[in-house]
Each structure stands twice: as structure tokens, then as C-alpha cells.
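Heads up, the thing below is written out as C-alpha cells.
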Amino acid sequence: PQTEVQKVSLVEKGIEAFGNTIPIKYHNITTLYLSNNCIDDLHGIEVFVKLKILSLANNNLDTFTQLDPIKELKSLQILNLEFNKVTYL
């Protein structure tokens, strides 16, 4: 039997938004690393219902409104937003 993937790293991949960036087979992951991309829209992240760790360091998040989709991640325990403009507000 195959073991289910728990962590996905998409660091420095030029990602701007979620859309179909991450295949549906990974929607049960618990850790997602998306640092050093160009993300400015988090809509679509709510499909990752089992996420416990999410790293969005060094992206283009500059308003609290952009973070609203994260509210749906009820299992989230660790959120890294360092080096985003929103952390300087």
C-alpha cells in the first residue's frame, strides 16, 4: 500500500495564486511550504482542510483581507507570514 503524502514543498516556483497549482491528490496534506513565491491571493487554500503547518513567507501578501481564506483552515497550528508586507502593518 502507498503511504499518503503529508508534506509538499513548492518553494520558489513562481506561484501567484492557488487555482489548480496543487493537484487534488495532495488536498489531505498536513504541511505546505509555499515560501518565496509571488502569492497575493489565497482563495482556494480552503481545500487543504487537514493543514497544520503553512509557510507563506516572502510572498506578496500585504493586507489582512488577503488572509481571510486562512480562517477556513480549522486544523492550522503554525502559520509563517514573515517577509510579507502584512506583517509590517
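Residues in the C-alpha cells are numbered from 1 in each chain, the chains being A, B, ... in the order shown, and ligands are numbered from 1 in the order shown.
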Mind listing the strand (DSSP E) residues of segment 31-68 of chain A, per DSSP on the backbone, as an NGL selection string? :A and (31-33 or 53-55)
Rounded to one decimal, what separation in Å do you get between atom CA of Lys25 of chain A and atom CA of Glu82 of chain A? 28.2 Å
Show which residues sit within 10 Å of Leu42 of chain A, as JSON, numbers by chain. Count only C-alpha atoms, and ignore same-chain residues fewer than 4 positions away. {"A": [16, 17, 18, 19, 46, 56, 61, 65, 66, 67, 68, 69, 70]}
Within 8 Å of segment 76-79 of chain A, counting only C-alpha atoms, which residues qualify if same-chain residues fewer than 5 places away don't, as a CSV table (one decimal) with N, CA, C and O atoms, in the first residue's frame?
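And here's out.csv as it stands now:
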```csv
chain,number,residue,atom,x,y,z
A,50,LYS,N,-6.8,19.6,6.2
A,50,LYS,CA,-6.0,19.0,7.2
A,50,LYS,C,-4.7,19.7,7.5
A,50,LYS,O,-3.9,19.2,8.3
A,51,LEU,N,-4.5,20.9,6.9
A,51,LEU,CA,-3.2,21.6,7.0
A,51,LEU,C,-3.0,21.9,8.5
A,51,LEU,O,-3.9,22.5,9.2
A,52,LYS,N,-1.8,21.6,9.0
A,52,LYS,CA,-1.4,22.0,10.3
A,52,LYS,C,-0.3,23.1,10.3
A,52,LYS,O,-0.2,23.9,11.1
A,53,ILE,N,0.5,23.0,9.2
A,53,ILE,CA,1.6,23.9,9.0
A,53,ILE,C,1.6,24.5,7.6
A,53,ILE,O,1.5,23.8,6.7
A,54,LEU,N,1.6,25.8,7.6
A,54,LEU,CA,1.5,26.5,6.3
A,54,LEU,C,2.6,27.6,6.3
A,54,LEU,O,2.6,28.5,7.2
A,55,SER,N,3.5,27.6,5.4
A,55,SER,CA,4.5,28.6,5.3
A,55,SER,C,4.3,29.4,4.0
A,55,SER,O,4.4,28.9,2.9
A,56,LEU,N,4.0,30.7,4.2
A,56,LEU,CA,3.8,31.6,3.1
A,56,LEU,C,4.8,32.8,3.2
A,56,LEU,O,4.6,33.9,2.7
```
For the helix (DSSP H, G or I) assignment from backbone DSSP, which residues of chain A qualify? Please present them as number ranges by chain. A: 24-26, 45-47, 65-72, 85-88
Neighbour list for Glu12 of chain A as a PDB file with C-alpha atoms, in the first residue's frame, cut-off 12 Å, only C-alpha atoms, skip fewer than 3 positions in-chain:
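The resulting file, part.pdb, is shown below:
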```pdb
ATOM      1  CA  SER A   9       7.199  21.926  -0.810  1.00  0.00           C
ATOM      2  CA  ILE A  15       3.257  30.664  -7.885  1.00  0.00           C
ATOM      3  CA  GLU A  16       0.874  33.652  -7.842  1.00  0.00           C
ATOM      4  CA  TYR A  33       5.656  25.144   2.134  1.00  0.00           C
ATOM      5  CA  LEU A  34       4.998  27.997  -0.293  1.00  0.00           C
ATOM      6  CA  SER A  35       7.755  30.430   0.652  1.00  0.00           C
ATOM      7  CA  ASN A  36       9.484  32.686  -1.876  1.00  0.00           C
ATOM      8  CA  ASN A  37       6.716  32.804  -4.446  1.00  0.00           C
ATOM      9  CA  CYS A  38       4.513  35.647  -5.727  1.00  0.00           C
ATOM     10  CA  ILE A  39       1.280  34.691  -3.961  1.00  0.00           C
ATOM     11  CA  LEU A  56       3.813  31.645   3.126  1.00  0.00           C
ATOM     12  CA  ALA A  57       6.993  33.553   3.932  1.00  0.00           C
ATOM     13  CA  ASN A  58       8.245  36.069   1.378  1.00  0.00           C
ATOM     14  CA  ASN A  59       5.191  36.370  -0.852  1.00  0.00           C
TER      15      ASN A  59
END
```
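With atom CA of Val47 of chain A on one side and atom CA of Tyr26 of chain A on the other, the separation reads 9.7 Å.
We find atom CA of Val86 of chain A and atom CA of His27 of chain A to be spaced 26.1 Å apart.
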For segment 3-6 of chain A, find every residue with an atom within 9 Å (counting only C-alpha atoms), except residues of its own chain fewer than 6 positions away, and show them as a PyMOL selection string. chain A and resi 25-26+28-32
Residues just named, written with all heavy atoms as a compact mmCIF listing (two decimals), in the first residue's frame:
```txt
# COMPACT_ATOMS: atom_id res chain seq x y z
N LYS A 25 -4.89 15.25 -5.46
CA LYS A 25 -4.38 14.12 -4.66
C LYS A 25 -3.61 14.59 -3.43
O LYS A 25 -3.36 13.81 -2.53
CB LYS A 25 -3.53 13.19 -5.52
CG LYS A 25 -2.21 13.76 -5.98
CD LYS A 25 -1.44 12.74 -6.81
CE LYS A 25 -0.12 13.29 -7.29
NZ LYS A 25 0.64 12.28 -8.04
N TYR A 26 -3.23 15.86 -3.38
CA TYR A 26 -2.50 16.39 -2.23
C TYR A 26 -3.38 17.19 -1.26
O TYR A 26 -2.87 17.79 -0.33
CB TYR A 26 -1.34 17.27 -2.69
CG TYR A 26 -0.30 16.53 -3.48
CD1 TYR A 26 0.06 16.94 -4.75
CD2 TYR A 26 0.33 15.40 -2.94
CE1 TYR A 26 1.01 16.24 -5.47
CE2 TYR A 26 1.28 14.71 -3.67
CZ TYR A 26 1.62 15.14 -4.93
OH TYR A 26 2.56 14.45 -5.65
N ASN A 28 -5.09 16.38 1.17
CA ASN A 28 -5.09 15.90 2.55
C ASN A 28 -3.75 16.09 3.25
O ASN A 28 -3.53 15.54 4.33
CB ASN A 28 -5.50 14.42 2.61
CG ASN A 28 -6.99 14.26 2.38
OD1 ASN A 28 -7.79 15.07 2.81
ND2 ASN A 28 -7.36 13.20 1.68
N ILE A 29 -2.86 16.86 2.67
CA ILE A 29 -1.55 17.08 3.29
C ILE A 29 -1.70 17.86 4.60
O ILE A 29 -2.69 18.57 4.80
CB ILE A 29 -0.59 17.83 2.34
CG1 ILE A 29 -1.16 19.19 1.94
CG2 ILE A 29 -0.26 16.97 1.13
CD1 ILE A 29 -0.21 20.04 1.14
N THR A 30 -0.70 17.72 5.47
CA THR A 30 -0.72 18.44 6.74
C THR A 30 0.30 19.59 6.77
O THR A 30 0.21 20.46 7.62
CB THR A 30 -0.42 17.49 7.92
OG1 THR A 30 0.84 16.86 7.70
CG2 THR A 30 -1.51 16.43 8.04
N THR A 31 1.24 19.58 5.83
CA THR A 31 2.28 20.61 5.80
C THR A 31 2.46 21.10 4.36
O THR A 31 2.61 20.30 3.44
CB THR A 31 3.62 20.05 6.32
OG1 THR A 31 3.43 19.53 7.63
CG2 THR A 31 4.69 21.12 6.34
N LEU A 32 2.44 22.43 4.20
CA LEU A 32 2.59 23.02 2.87
C LEU A 32 3.55 24.20 2.95
O LEU A 32 3.34 25.16 3.68
CB LEU A 32 1.22 23.49 2.36
CG LEU A 32 1.15 24.11 0.97
CD1 LEU A 32 1.72 23.18 -0.10
CD2 LEU A 32 -0.29 24.49 0.64
```
With distances taken over only C-alpha atoms, which of A:Leu73, A:Thr63, A:Lys7, A:Lys85 is nearest to Val49 of chain A? A:Leu73
Using only C-alpha atoms, which residue out of A:Lys74, A:Asp62, A:Leu89, A:Gly14 lies closest to Asp40 of chain A? A:Asp62
